[in-house]
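Undergrad: Got a structure for you, my_file.txt, holding compact mmCIF, C-alpha atoms.
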```txt
# COMPACT_ATOMS: atom_id res chain seq x y z
CA MET H 149 59.55 276.53 191.17
CA VAL H 150 60.51 280.21 191.16
CA LYS H 151 63.33 280.96 188.71
CA ILE H 152 65.87 283.73 188.52
CA THR H 153 63.98 285.14 185.51
CA ASP H 154 60.85 285.49 187.69
CA VAL H 155 62.84 287.50 190.23
CA ALA H 156 64.28 289.67 187.46
CA ARG H 157 60.81 290.35 186.03
CA ARG H 158 59.41 291.30 189.47
CA ALA H 159 62.37 293.59 190.24
CA GLY H 160 62.39 295.16 186.76
CA VAL H 161 66.00 294.20 186.06
CA SER H 162 67.84 291.68 183.89
CA PRO H 163 68.58 288.14 185.12
CA SER H 164 72.30 288.96 185.06
CA THR H 165 71.68 291.82 187.51
CA VAL H 166 69.94 289.41 189.89
CA SER H 167 72.96 287.10 189.54
CA TYR H 168 75.32 289.96 190.35
CA ALA H 169 73.26 290.83 193.42
CA LEU H 170 73.58 287.23 194.63
CA SER H 171 77.23 286.69 193.78
CA GLY H 172 78.64 290.15 194.42
CA LYS H 173 80.77 289.80 191.28
CA ARG H 174 79.89 293.29 190.05
CA PRO H 175 78.75 296.38 191.93
CA ILE H 176 75.10 297.39 191.62
CA SER H 177 73.28 300.36 193.09
CA GLU H 178 71.76 300.08 196.55
CA GLU H 179 68.30 300.84 195.13
CA THR H 180 68.61 297.98 192.61
CA ARG H 181 69.87 295.61 195.29
CA ARG H 182 66.87 296.45 197.48
CA ARG H 183 64.46 295.76 194.60
CA VAL H 184 66.10 292.40 193.95
CA GLU H 185 66.04 291.45 197.65
CA THR H 186 62.35 292.47 197.89
CA ALA H 187 61.49 290.37 194.82
CA ILE H 188 63.37 287.37 196.24
CA ARG H 189 61.52 287.68 199.54
CA GLU H 190 58.08 288.15 197.97
CA LEU H 191 58.47 285.25 195.55
CA GLY H 192 60.17 282.93 198.02
CA TYR H 193 63.08 282.38 195.64
CA ARG H 194 65.81 280.07 196.93
CA PRO H 195 69.06 280.70 195.06
CA HIS H 196 71.20 277.78 193.95
CA ALA H 197 73.68 276.73 196.64
CA GLY H 198 76.56 277.69 194.37
CA ALA H 199 75.25 281.23 194.06
CA ARG H 200 74.85 281.51 197.80
CA ALA H 201 78.39 280.29 198.27
CA LEU H 202 79.74 282.87 195.83
CA ALA H 203 77.90 285.65 197.60
CA SER H 204 78.84 284.70 201.14
CA SER H 205 82.03 282.61 200.75
CA LYS H 206 80.08 279.92 202.61
CA SER H 207 78.59 276.63 201.47
CA ASN H 208 75.81 276.47 204.09
CA VAL H 209 76.78 272.82 204.54
CA LEU H 210 77.90 271.09 207.73
CA ALA H 211 79.86 267.84 207.72
CA LEU H 212 78.64 265.17 210.12
CA VAL H 213 81.49 262.70 210.56
CA ILE H 214 80.17 259.31 211.75
CA PRO H 215 82.62 256.54 210.88
CA LEU H 216 80.51 253.37 210.96
CA ARG H 217 83.10 251.23 212.69
CA ALA H 218 82.69 247.74 214.10
CA GLY H 219 80.67 247.73 217.32
CA ILE H 220 78.66 250.84 216.45
CA HIS H 221 74.91 250.52 217.09
CA VAL H 222 73.60 252.22 213.95
CA PRO H 223 69.98 252.92 215.11
CA VAL H 224 71.26 255.03 218.01
CA VAL H 225 73.81 256.80 215.82
CA MET H 226 71.06 257.69 213.37
CA GLN H 227 69.11 259.39 216.17
CA PHE H 228 72.03 261.79 216.56
CA ALA H 229 72.16 262.28 212.79
CA VAL H 230 68.44 262.98 212.37
CA ALA H 231 68.51 265.58 215.15
CA ALA H 232 71.56 267.27 213.63
CA VAL H 233 70.03 267.36 210.13
CA THR H 234 66.71 268.72 211.39
CA THR H 235 68.37 271.45 213.43
CA ALA H 236 70.72 272.36 210.60
CA ARG H 237 67.79 272.82 208.21
CA ALA H 238 66.17 275.19 210.69
CA HIS H 239 69.33 277.30 210.27
CA ASP H 240 69.21 276.99 206.44
CA HIS H 241 72.12 274.55 206.39
CA ASP H 242 72.40 271.14 204.79
CA VAL H 243 74.40 268.23 206.18
CA LEU H 244 77.02 266.15 204.40
CA LEU H 245 77.16 262.72 206.06
CA LEU H 246 80.61 261.09 206.13
CA THR H 247 80.47 257.47 207.24
CA GLN H 248 83.73 256.01 205.95
CA GLU H 249 86.65 255.35 208.28
CA GLU H 250 89.00 257.85 206.66
CA GLY H 251 90.47 259.46 209.77
CA GLU H 252 92.53 262.59 209.37
CA GLU H 253 92.81 262.23 205.58
CA GLY H 254 89.04 262.30 205.14
CA LEU H 255 88.67 265.41 207.29
CA ARG H 256 91.44 267.20 205.42
CA ARG H 257 89.94 266.30 202.05
CA VAL H 258 86.58 267.79 203.01
CA ALA H 259 88.07 270.88 204.62
CA ASP H 260 90.54 271.65 201.83
CA THR H 261 87.87 271.56 199.11
CA ALA H 262 85.69 274.11 200.94
CA MET H 263 82.76 271.68 200.69
CA VAL H 264 81.61 272.51 204.23
CA ASP H 265 81.60 275.43 206.61
CA ALA H 266 82.03 273.41 209.80
CA LEU H 267 82.22 269.87 211.17
CA ILE H 268 80.54 267.70 213.78
CA VAL H 269 82.69 264.70 214.70
CA MET H 270 81.33 261.56 216.39
CA ASP H 271 82.80 258.32 217.74
CA VAL H 272 85.53 260.26 219.51
CA GLN H 273 88.40 258.27 221.03
CA LEU H 274 90.31 259.18 224.18
CA GLN H 275 93.50 259.54 222.10
CA ASP H 276 91.85 260.53 218.84
CA PRO H 277 94.32 260.94 215.93
CA ARG H 278 92.01 263.50 214.30
CA LEU H 279 92.42 266.07 217.06
CA PRO H 280 95.59 267.88 215.87
CA LEU H 281 93.98 268.52 212.49
CA LEU H 282 90.71 269.71 214.03
CA ARG H 283 92.65 272.16 216.20
CA SER H 284 94.48 273.52 213.14
CA LEU H 285 91.55 273.91 210.73
CA ASP H 286 90.20 277.33 209.82
CA ARG H 287 86.69 275.86 210.09
CA PRO H 288 84.91 275.41 213.42
CA SER H 289 84.13 271.97 214.74
CA VAL H 290 82.17 270.35 217.54
CA LEU H 291 82.91 266.92 218.96
CA ILE H 292 80.16 264.65 220.25
CA GLY H 293 82.32 262.98 222.87
CA PHE H 294 85.19 263.97 225.14
CA PRO H 295 88.79 262.96 224.37
CA ALA H 296 91.34 262.63 227.15
CA GLU H 297 92.72 266.11 226.32
CA PRO H 298 89.76 268.30 225.25
CA ASP H 299 91.57 271.66 225.65
CA GLY H 300 90.99 273.97 222.69
CA LEU H 301 88.06 271.90 221.39
CA THR H 302 84.31 272.28 221.68
CA CYS H 303 82.80 269.05 223.03
CA ILE H 304 79.32 267.95 224.02
CA ASP H 305 77.94 264.65 225.31
CA LEU H 306 76.09 262.91 228.07
CA ASP H 307 78.25 262.81 231.18
CA PHE H 308 78.95 259.10 230.82
CA LYS H 309 81.21 258.95 233.89
CA ALA H 310 78.41 260.38 236.01
CA ALA H 311 75.97 257.99 234.30
CA GLY H 312 78.07 254.98 235.30
CA GLU H 313 78.22 256.26 238.85
CA ALA H 314 74.47 256.92 238.96
CA CYS H 315 73.68 253.34 237.89
CA VAL H 316 75.78 251.95 240.73
CA GLU H 317 74.40 254.44 243.26
CA HIS H 318 70.86 253.33 242.38
CA LEU H 319 71.77 249.68 242.95
CA VAL H 320 73.51 250.55 246.22
CA ARG H 321 70.38 252.33 247.50
CA LEU H 322 68.48 249.11 246.85
CA GLY H 323 71.00 247.12 248.90
CA HIS H 324 72.92 245.35 246.12
CA ARG H 325 76.53 244.44 246.94
CA VAL H 326 77.64 242.31 243.97
CA VAL H 327 77.30 244.03 240.59
CA ALA H 328 78.52 243.73 237.01
CA LEU H 329 78.67 245.95 233.94
CA VAL H 330 77.83 244.34 230.61
CA GLY H 331 79.43 246.78 228.22
CA SER H 332 79.85 247.54 224.55
CA PRO H 333 81.50 245.10 222.11
CA PRO H 334 85.25 244.53 222.75
CA GLU H 335 86.37 246.48 219.69
CA VAL H 336 84.77 249.64 221.10
CA TYR H 337 87.10 249.42 224.11
CA VAL H 338 90.11 248.47 222.00
CA ARG H 339 89.65 251.76 220.11
CA GLN H 340 89.37 253.54 223.47
CA THR H 341 86.07 255.06 222.42
CA ALA H 342 85.52 257.89 224.87
CA PHE H 343 81.89 257.36 225.92
CA ALA H 344 82.41 253.65 226.69
CA GLN H 345 85.63 254.23 228.59
CA ARG H 346 84.14 257.03 230.67
CA LEU H 347 81.12 254.93 231.64
CA VAL H 348 83.46 252.18 232.85
CA GLN H 349 85.39 254.78 234.85
CA GLY H 350 82.22 255.94 236.58
CA PHE H 351 80.95 252.42 237.24
CA THR H 352 84.28 251.28 238.69
CA ALA H 353 84.80 254.40 240.79
CA ALA H 354 81.36 254.13 242.41
CA ALA H 355 81.68 250.38 242.99
CA ASP H 356 85.07 250.86 244.63
CA ARG H 357 83.80 253.76 246.73
CA HIS H 358 81.01 251.58 248.16
CA ARG H 359 83.30 248.52 248.45
CA LEU H 360 81.15 246.43 246.14
CA VAL H 361 82.21 243.24 244.43
CA SER H 362 82.17 244.27 240.77
CA ALA H 363 83.26 243.22 237.31
CA VAL H 364 83.26 244.71 233.80
CA HIS H 365 82.50 242.51 230.78
CA PRO H 366 82.59 243.81 227.18
CA CYS H 367 80.13 241.77 225.14
CA GLU H 368 79.44 241.00 221.52
CA THR H 369 75.91 241.40 220.17
CA GLY H 370 75.63 238.38 217.88
CA PRO H 371 73.43 235.30 218.31
CA GLY H 372 73.99 233.53 221.60
CA ALA H 373 76.03 236.37 223.13
CA ALA H 374 73.43 237.14 225.81
CA ARG H 375 73.23 233.55 226.99
CA ARG H 376 77.03 233.18 227.06
CA ILE H 377 77.61 236.35 229.08
CA ALA H 378 74.78 235.51 231.51
CA GLU H 379 76.27 232.07 232.14
CA GLN H 380 79.75 233.58 232.59
CA LEU H 381 78.51 236.18 235.06
CA LEU H 382 76.71 233.62 237.22
CA ARG H 383 79.69 231.27 237.10
CA GLU H 384 82.18 233.98 238.12
CA GLN H 385 79.87 235.95 240.46
CA PRO H 386 77.35 233.48 241.94
CA ALA H 387 76.12 236.11 244.41
CA LEU H 388 75.38 238.62 241.62
CA THR H 389 72.19 240.66 242.18
CA GLY H 390 72.73 243.84 240.12
CA VAL H 391 73.65 244.32 236.44
CA VAL H 392 74.28 247.52 234.47
CA VAL H 393 73.87 247.15 230.69
CA HIS H 394 75.55 249.52 228.23
CA ASN H 395 74.87 247.59 225.05
CA GLU H 396 71.51 248.40 223.45
CA PRO H 397 71.01 245.31 221.21
CA LEU H 398 71.78 243.02 224.15
CA LEU H 399 69.31 244.50 226.65
CA GLU H 400 66.20 242.36 226.14
CA PRO H 401 68.07 239.17 225.14
CA LEU H 402 70.10 239.46 228.35
CA VAL H 403 67.02 239.76 230.56
CA ASP H 404 65.55 236.73 228.77
CA ALA H 405 68.78 234.77 229.24
CA PHE H 406 68.91 235.40 232.98
CA GLU H 407 65.30 234.33 233.35
CA GLN H 408 65.97 231.15 231.33
CA LEU H 409 68.78 230.44 233.82
CA GLY H 410 66.32 230.71 236.71
CA LEU H 411 66.77 234.33 237.85
CA ARG H 412 63.67 236.52 237.99
CA VAL H 413 63.99 240.20 237.07
CA PRO H 414 63.71 242.05 239.41
CA GLY H 415 62.96 239.43 242.11
CA ASP H 416 66.44 237.87 241.98
CA LEU H 417 68.35 240.29 239.76
CA SER H 418 68.03 244.05 239.23
CA VAL H 419 68.92 245.46 235.80
CA VAL H 420 69.80 249.07 234.96
CA ALA H 421 70.64 250.26 231.45
CA VAL H 422 72.11 253.28 229.69
CA CYS H 423 70.07 253.45 226.50
CA PRO H 424 67.35 255.41 224.67
CA ASP H 425 64.23 255.88 226.81
CA GLU H 426 61.95 254.30 224.24
CA LEU H 427 63.98 251.09 224.23
CA ALA H 428 63.94 250.80 228.03
CA ALA H 429 60.25 251.64 228.36
CA SER H 430 59.07 249.23 225.67
CA ALA H 431 60.94 246.15 226.92
CA ARG H 432 58.92 243.15 228.11
CA VAL H 433 60.15 244.02 231.60
CA PRO H 434 60.41 247.84 231.47
CA VAL H 435 64.00 248.65 232.38
CA THR H 436 65.24 251.24 234.85
CA SER H 437 67.51 253.38 232.74
CA ILE H 438 69.57 256.47 232.22
CA ALA H 439 68.35 258.10 229.03
CA LEU H 440 70.72 258.44 226.11
CA PRO H 441 69.82 262.00 224.99
CA SER H 442 70.80 261.53 221.35
CA ALA H 443 68.28 264.02 219.94
CA GLU H 444 69.26 266.73 222.41
CA VAL H 445 72.99 266.19 221.88
CA GLY H 446 72.65 266.21 218.09
CA ALA H 447 70.59 269.40 218.12
CA ARG H 448 72.81 271.21 220.61
CA ALA H 449 75.94 270.27 218.66
CA VAL H 450 74.50 272.14 215.66
CA GLU H 451 73.52 275.11 217.84
CA LEU H 452 77.09 275.30 219.14
CA LEU H 453 78.36 275.35 215.56
CA MET H 454 75.91 278.09 214.63
CA HIS H 455 77.27 280.21 217.48
CA LYS H 456 80.81 279.67 216.28
CA LEU H 457 79.94 280.36 212.63
CA GLY H 458 78.25 283.57 213.76
CA GLY H 459 81.40 284.73 215.51
CA LYS H 460 79.96 284.14 218.98
CA SER H 461 81.69 282.34 221.80
CA ALA H 462 80.66 278.79 222.65
CA PRO H 463 81.48 276.83 225.79
CA GLU H 464 84.29 274.34 225.30
CA ALA H 465 82.62 271.64 227.41
CA THR H 466 78.92 270.78 227.58
CA LEU H 467 78.22 267.74 229.75
CA LEU H 468 74.56 266.76 230.03
CA PRO H 469 73.75 265.36 233.49
CA PRO H 470 72.38 261.80 233.61
CA ARG H 471 68.65 261.35 234.18
CA LEU H 472 67.63 258.03 235.74
CA THR H 473 64.04 256.75 235.43
CA GLU H 474 62.99 253.89 237.70
CA ARG H 475 60.98 251.12 236.06
CA ALA H 476 60.07 247.50 236.79
CA SER H 477 63.55 245.95 236.37
CA THR H 478 64.99 247.05 239.73
CA ALA H 479 63.95 246.22 243.29
CA PRO H 480 65.52 245.95 246.76
CA ARG H 481 67.86 243.03 247.28
CA THR H 482 66.01 240.23 249.04
CA ALA H 483 68.87 238.08 250.29
```
Can the structure in the file be given as structure tokens, please?
TA:
Amino acid sequence: MVKITDVARRAGVSPSTVSYALSGKRPISEETRRRVETAIRELGYRPHAGARALASSKSNVLALVIPLRAGIHVPVVMQFAVAAVTTARAHDHDVLLLTQEEGEEGLRRVADTAMVDALIVMDVQLQDPRLPLLRSLDRPSVLIGFPAEPDGLTCIDLDFKAAGEACVEHLVRLGHRVVALVGSPPEVYVRQTAFAQRLVQGFTAAADRHRLVSAVHPCETGPGAARRIAEQLLREQPALTGVVVHNEPLLEPLVDAFEQLGLRVPGDLSVVAVCPDELAASARVPVTSIALPSAEVGARAVELLMHKLGGKSAPEATLLPPRLTERASTAPRTA
């Protein structure tokens, strides 16, 4: 590992002079500064984060705020996190992961201690109590998710309302007239989590527009949940032929449950999901799906922050259009 003494030796100066060049604590001549910078570049020296912070008044750290609340599907959340961390490293930034449910107090604690230069906030609610603080901070932020009032904030996400509509439109094209949405766990809706609420809005709007018989059912993910919701759906909607699933852990168990109850997928029942592509494609019956672009959203959230940290303008709203891929789980209605 290259040390500050190695840089000093290459530049022909003392280690304290190298430290001054990094921290800016004392003035040094331009010629000396150039020699130090050349030595750093040639040796590949990476100064301690504290020294960089002193020199630039920046920590080169981003906060990624992911409160791991009840109902969160951690594997999908981690896809966002990995993409954000990878992209941040490409910009010479590290990521501080905040997973506790601390709300506004946690954000203020991190911001007030100058631990981070900027924040990415996930699991956004329609009426999110963190928003007034985020609007007032002197550090830029990006939200992965759209609150009810996004003015003055920078937000990015899949267009979940359009995704809900696209699922219904696909089923309508195949002739289905009785449909249901099997959604996220109930606590996700109780919190008014934005992505889940917006998908319901899109599903309901499209079903109403086409005069379909429709229903929305939040669903737990524990043992037996798939069988219970399948039985409930068939009891309440005996003519059901189309199901939209927005609950990743429940996808395959739900298809299995319907088949155990005598419905073939897609012969008797068509299934569409909003989930990661790899999950839909690898199912026993490959599922027609709208991709959850977690890697793209995580990476683009960091890019938006980099624009803001660099003093450049960034769009307030970035909605990624839904992309539906047809697979074996959907077919024209037969009766």
Undergrad: Rank H:Ile304, H:Val327, H:Leu399, H:Thr352 by their smallest atom-to-atom distance to Gln385 in chain H, using all atoms listed in the file, and report the top residue only.
TA: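 Ranking H:Ile304, H:Val327, H:Leu399, H:Thr352 by distance to Gln385 in chain H, first place goes to H:Val327.
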Undergrad: Please report the interatomic distance between CA of Phe351 in chain H and CA of Glu313 in chain H in Å with one decimal.
TA: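 Answer for the CA of Phe351 in chain H to CA of Glu313 in chain H separation: 5.0 Å.
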Undergrad: So how far away is CA of Val445 in chain H from CA of Val433 in chain H, in Å?
TA: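 Going from CA of Val433 in chain H over to CA of Val445 in chain H, I get 27.4 Å.
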Undergrad: What is the CA of Leu191 in chain H to CA of Thr235 in chain H distance in Å?
TA: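 CA of Leu191 in chain H sits 24.7 Å away from CA of Thr235 in chain H.
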Undergrad: Which residue, H:Ser477, H:Ala447, H:Gly350, H:Asp404, has the smallest gap to Val391 in chain H when you use all atoms listed in the file?
TA: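 Closest to Val391 in chain H, using all atoms listed in the file: H:Ser477.
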Undergrad: Find the residues around range 154-162 of chain H up to 6 Å (only C-alpha atoms counted), leave out those fewer than 2 positions away in its own chain, and share them as a JSON list (two decimals) with C-alpha atoms, keeping the file's coordinate frame.
TA:
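Saved to around.json:
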```json
[["chain", "number", "residue", "atom", "x", "y", "z"],
["H", 151, "LYS", "CA", 63.33, 280.96, 188.71],
["H", 152, "ILE", "CA", 65.87, 283.73, 188.52],
["H", 164, "SER", "CA", 72.30, 288.96, 185.06],
["H", 165, "THR", "CA", 71.68, 291.82, 187.51],
["H", 183, "ARG", "CA", 64.46, 295.76, 194.60],
["H", 184, "VAL", "CA", 66.10, 292.40, 193.95],
["H", 187, "ALA", "CA", 61.49, 290.37, 194.82]]
```
Undergrad: Can you work out which one of H:Pro386, H:Gly458, H:Pro295, H:Gly219 has the shortest atom-to-atom distance to His239 in chain H, counting all atoms listed in the file?
TA: H:Gly458
Undergrad: Let me make sure I understand: among H:Glu190, H:Glu426, H:Glu252, H:Glu368, which one has the smallest atom-to-atom distance to Leu282 in chain H if we use only C-alpha atoms?
TA: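 Closest candidate: H:Glu252.
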Undergrad: Skipping near chain neighbours, those fewer than 5 positions away, what residues fall within 10 Å of Gly323 in chain H using only C-alpha atoms, listed as a list in words?
TA: Glu317, His318, Thr389, Gly390, Ala479, Pro480, Arg481, Thr482 and Ala483 of chain H
Undergrad: Can I get the selection written as a compact mmCIF listing (two decimals), keeping the file's coordinate frame, with C-alpha atoms?
TA:
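The resulting result.txt:
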```
# COMPACT_ATOMS: atom_id res chain seq x y z
CA GLU H 317 74.40 254.44 243.26
CA HIS H 318 70.86 253.33 242.38
CA THR H 389 72.19 240.66 242.18
CA GLY H 390 72.73 243.84 240.12
CA ALA H 479 63.95 246.22 243.29
CA PRO H 480 65.52 245.95 246.76
CA ARG H 481 67.86 243.03 247.28
CA THR H 482 66.01 240.23 249.04
CA ALA H 483 68.87 238.08 250.29
```
Undergrad: Calculated over only C-alpha atoms, which of the candidates H:Pro175, H:Lys460, H:Phe343, H:Pro334 has the smallest distance to Leu291 in chain H?
TA: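 The shortest atom-to-atom distance to Leu291 in chain H comes from H:Phe343.
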Undergrad: Taking 2 positions as the minimum chain separation for residues in the same chain, which residues sit within 12 Å of Ser284 in chain H when counting only C-alpha atoms? Answer as a list in words.
TA: Glu252, Leu255, Arg256, Ala259, Arg278, Leu279, Pro280, Leu281, Leu282, Asp286, Arg287, Pro288, Ser289, Gly300 and Leu301 of chain H
Undergrad: Would you give me, as JSON lines, each residue of range 314-416 of chain H having an atom within 9 Å of an atom of range 268-277 of chain H, along with its shortest atom pair and that distance in Å to one decimal, using only C-alpha atoms and sorting by chain and residue number?
TA:
```
{"residue": "H:Arg339", "atom": "CA", "partner": "H:Gln273", "partner_atom": "CA", "distance": 6.7}
{"residue": "H:Gln340", "atom": "CA", "partner": "H:Gln273", "partner_atom": "CA", "distance": 5.4}
{"residue": "H:Thr341", "atom": "CA", "partner": "H:Gln273", "partner_atom": "CA", "distance": 4.2}
{"residue": "H:Ala342", "atom": "CA", "partner": "H:Gln273", "partner_atom": "CA", "distance": 4.8}
{"residue": "H:Phe343", "atom": "CA", "partner": "H:Val272", "partner_atom": "CA", "distance": 7.9}
{"residue": "H:Gln345", "atom": "CA", "partner": "H:Leu274", "partner_atom": "CA", "distance": 8.1}
```
Undergrad: Counting all atoms listed in the file, figure out which residue out of H:Ile292, H:Val450, H:Ile377, H:Leu388 gets nearest to Ala238 in chain H.
TA: H:Val450
Undergrad: Can you tell me which residues surround Ala462 in chain H at a distance of at most 8 Å, considering only C-alpha atoms, apart from same-chain residues fewer than 3 positions away, and format the answer as number ranges by chain?
TA: H: 302, 452, 455-456
Undergrad: Would you kindly return, as JSON, numbers by chain, each protein, DNA or RNA residue with an atom no farther than 12 Å from any atom of Ala311 in chain H, considering only C-alpha atoms and excluding same-chain residues fewer than 2 positions away?
TA: {"H": [305, 306, 307, 308, 309, 313, 314, 315, 316, 317, 318, 343, 344, 345, 346, 347, 348, 349, 350, 351, 352, 353, 354, 392, 393, 394, 420, 421, 422, 423, 437, 438, 439, 440, 441, 467, 468, 469, 470, 471, 472]}
Undergrad: Enumerate, as a VMD selection string, the protein, DNA and RNA residues whose atoms approach (66.8, 247.0, 235.6) to within 6 Å, taking into account only C-alpha atoms and the coordinate frame of the file.
TA: chain H and resid 418 to 420 435 to 436 477 to 478
